[in-house]
Amino acid sequence: MDFWGGLDQLLATQDLIIERPKGSRHPRYNDAVYPLDYGHLQGTTSNDCCEIDVWRGSLKGVGLVGVICTADLKKKDAELKLLVDCTDAEMQKIEAFHNVGMVGLLIKRPMPDK
């Protein structure tokens, strides 16, 4: 199984819980408004000992389209966040969100040739 297939399996077997709907504000940083639905995969563990974070876009049924790798120098941590059902424009919004107060690198999933 490859990297993307492993993440697909996690998405297929774990419940996606949306904690912060699109337009909501971060609980500690009131200026940070979530551009898309944001949550986690229940029953998983990430580097920060919390569950794996997920951004969910407006497309339905597309699945995993990429990841964003983040480094938060204030917290001194790094994480991988999954991007599910996102358009290209939505992925750009997520990348911009993660490049304020921290750094984020967007990695789009390679799509097979048609």
# chains A, B, ... in the order shown; residues from 1 in each chain; ligands from 1
>>> residues_around(residues="segment 22-27 of chain A", least_positions_apart="3", cutoff="10 Å", atoms="only C-alpha atoms", output="PyMOL selection string")
chain A and resi 18-19+30-38+55-57
>>> select_by_dssp(residues="segment 9-79 of chain A", states="alpha helix (DSSP H)", output="ChimeraX atom specification")
/A:9-13
>>> write_last_selection(atoms="all heavy atoms", output="short mmCIF file (atom, residue, chain, number, x, y, z; two decimals), in the first residue's frame")
data_model
loop_
_atom_site.label_atom_id
_atom_site.label_comp_id
_atom_site.auth_asym_id
_atom_site.auth_seq_id
_atom_site.Cartn_x
_atom_site.Cartn_y
_atom_site.Cartn_z
N GLN A 9 -7.39 4.63 3.46
CA GLN A 9 -7.91 3.61 4.38
C GLN A 9 -8.32 4.23 5.71
O GLN A 9 -9.37 3.88 6.26
CB GLN A 9 -6.88 2.51 4.59
CG GLN A 9 -7.41 1.37 5.43
CD GLN A 9 -6.46 0.20 5.51
OE1 GLN A 9 -5.44 0.15 4.81
NE2 GLN A 9 -6.77 -0.75 6.35
N LEU A 10 -7.50 5.14 6.24
CA LEU A 10 -7.88 5.83 7.48
C LEU A 10 -9.19 6.59 7.31
O LEU A 10 -10.07 6.53 8.17
CB LEU A 10 -6.78 6.80 7.91
CG LEU A 10 -5.58 6.22 8.62
CD1 LEU A 10 -4.54 7.31 8.87
CD2 LEU A 10 -5.99 5.57 9.93
N LEU A 11 -9.32 7.30 6.20
CA LEU A 11 -10.55 8.06 5.94
C LEU A 11 -11.77 7.15 5.81
O LEU A 11 -12.87 7.50 6.25
CB LEU A 11 -10.41 8.90 4.67
CG LEU A 11 -9.61 10.17 4.80
CD1 LEU A 11 -9.28 10.74 3.43
CD2 LEU A 11 -10.38 11.20 5.62
N ALA A 12 -11.58 5.97 5.24
CA ALA A 12 -12.70 5.04 5.03
C ALA A 12 -13.11 4.32 6.32
O ALA A 12 -14.26 3.88 6.43
CB ALA A 12 -12.31 4.01 3.96
N THR A 13 -12.21 4.22 7.27
CA THR A 13 -12.50 3.41 8.46
C THR A 13 -12.72 4.22 9.74
O THR A 13 -13.12 3.65 10.75
CB THR A 13 -11.37 2.39 8.71
OG1 THR A 13 -10.13 3.09 8.88
CG2 THR A 13 -11.26 1.41 7.54
#
>>> residues_around(residues="Gln14 of chain A", least_positions_apart="6", cutoff="12 Å", atoms="only C-alpha atoms", output="NGL selection string")
:A and (7-8 or 40-45 or 51-52 or 54)
>>> write_last_selection(atoms="N, CA and C atoms", output="mmCIF file, in the first residue's frame")
data_model
loop_
_atom_site.group_PDB
_atom_site.id
_atom_site.type_symbol
_atom_site.label_atom_id
_atom_site.label_comp_id
_atom_site.auth_asym_id
_atom_site.auth_seq_id
_atom_site.Cartn_x
_atom_site.Cartn_y
_atom_site.Cartn_z
ATOM 1 N N LEU A 7 -3.672 6.629 3.681
ATOM 2 C CA LEU A 7 -4.535 7.708 4.167
ATOM 3 C C LEU A 7 -5.980 7.487 3.739
ATOM 4 N N ASP A 8 -6.192 6.964 2.518
ATOM 5 C CA ASP A 8 -7.549 6.619 2.071
ATOM 6 C C ASP A 8 -8.185 5.613 3.027
ATOM 7 N N HIS A 40 -11.356 16.366 12.758
ATOM 8 C CA HIS A 40 -10.354 15.311 12.957
ATOM 9 C C HIS A 40 -10.961 13.939 12.652
ATOM 10 N N LEU A 41 -10.082 12.963 12.512
ATOM 11 C CA LEU A 41 -10.500 11.575 12.350
ATOM 12 C C LEU A 41 -10.518 10.924 13.729
ATOM 13 N N GLN A 42 -11.692 10.532 14.150
ATOM 14 C CA GLN A 42 -11.851 9.942 15.475
ATOM 15 C C GLN A 42 -11.062 8.632 15.580
ATOM 16 N N GLY A 43 -10.409 8.441 16.723
ATOM 17 C CA GLY A 43 -9.683 7.202 16.968
ATOM 18 C C GLY A 43 -8.311 7.125 16.330
ATOM 19 N N THR A 44 -7.769 8.266 15.890
ATOM 20 C CA THR A 44 -6.429 8.296 15.296
ATOM 21 C C THR A 44 -5.508 9.115 16.191
ATOM 22 N N THR A 45 -4.220 9.088 15.895
ATOM 23 C CA THR A 45 -3.254 9.878 16.660
ATOM 24 C C THR A 45 -2.272 10.533 15.708
ATOM 25 N N GLU A 51 -5.858 13.810 17.678
ATOM 26 C CA GLU A 51 -6.275 13.064 16.488
ATOM 27 C C GLU A 51 -5.835 13.773 15.205
ATOM 28 N N ILE A 52 -5.801 13.021 14.100
ATOM 29 C CA ILE A 52 -5.362 13.570 12.813
ATOM 30 C C ILE A 52 -6.358 14.627 12.348
ATOM 31 N N VAL A 54 -8.283 17.266 9.807
ATOM 32 C CA VAL A 54 -8.836 17.161 8.455
ATOM 33 C C VAL A 54 -9.523 18.468 8.083
#
>>> closest_residue(among="A:Val65, A:Cys86, A:Cys50, A:Met91", to="Pro110 of chain A", atoms="only C-alpha atoms")
A:Val65
>>> closest_residue(among="A:Leu73, A:Met1, A:Val84, A:Ile94", to="Lys60 of chain A", atoms="only C-alpha atoms")
A:Val84
>>> select_by_dssp(residues="segment 36-104 of chain A", states="strand (DSSP E or B)", output="JSON list (two decimals) with C-alpha atoms, in the first residue's frame")
[["chain", "number", "residue", "atom", "x", "y", "z"],
["A", 37, "ASP", "CA", -14.90, 22.85, 7.77],
["A", 38, "TYR", "CA", -12.14, 21.66, 10.11],
["A", 39, "GLY", "CA", -12.07, 18.62, 12.32],
["A", 40, "HIS", "CA", -10.35, 15.31, 12.96],
["A", 41, "LEU", "CA", -10.50, 11.57, 12.35],
["A", 53, "ASP", "CA", -6.67, 16.93, 11.57],
["A", 54, "VAL", "CA", -8.84, 17.16, 8.45],
["A", 55, "TRP", "CA", -10.00, 20.03, 6.26],
["A", 56, "ARG", "CA", -13.22, 19.29, 4.34],
["A", 64, "LEU", "CA", -8.40, 12.80, -0.28],
["A", 65, "VAL", "CA", -6.96, 15.44, -2.61],
["A", 66, "GLY", "CA", -3.85, 16.45, -0.69],
["A", 67, "VAL", "CA", -2.20, 17.17, 2.62],
["A", 68, "ILE", "CA", -0.73, 20.22, 4.25],
["A", 69, "CYS", "CA", 2.42, 19.92, 6.33],
["A", 70, "THR", "CA", 2.65, 22.59, 9.01],
["A", 71, "ALA", "CA", 5.38, 23.81, 11.34],
["A", 72, "ASP", "CA", 4.35, 25.98, 14.28],
["A", 77, "ASP", "CA", 5.64, 21.21, 16.55],
["A", 78, "ALA", "CA", 4.90, 19.92, 13.08],
["A", 79, "GLU", "CA", 1.79, 18.19, 11.77],
["A", 80, "LEU", "CA", 0.22, 16.63, 8.71],
["A", 81, "LYS", "CA", -3.37, 17.65, 7.95],
["A", 82, "LEU", "CA", -5.59, 15.86, 5.42],
["A", 83, "LEU", "CA", -7.48, 17.74, 2.69],
["A", 84, "VAL", "CA", -10.73, 16.04, 1.72],
["A", 103, "VAL", "CA", 4.38, 27.84, 7.97],
["A", 104, "GLY", "CA", 2.53, 25.36, 5.80]]
>>> atom_distance(atom1="atom CA of Asp85 of chain A", atom2="atom CA of Gly61 of chain A")
6.6 Å
>>> atom_distance(atom1="atom CA of Ala96 of chain A", atom2="atom CA of Trp4 of chain A")
23.1 Å
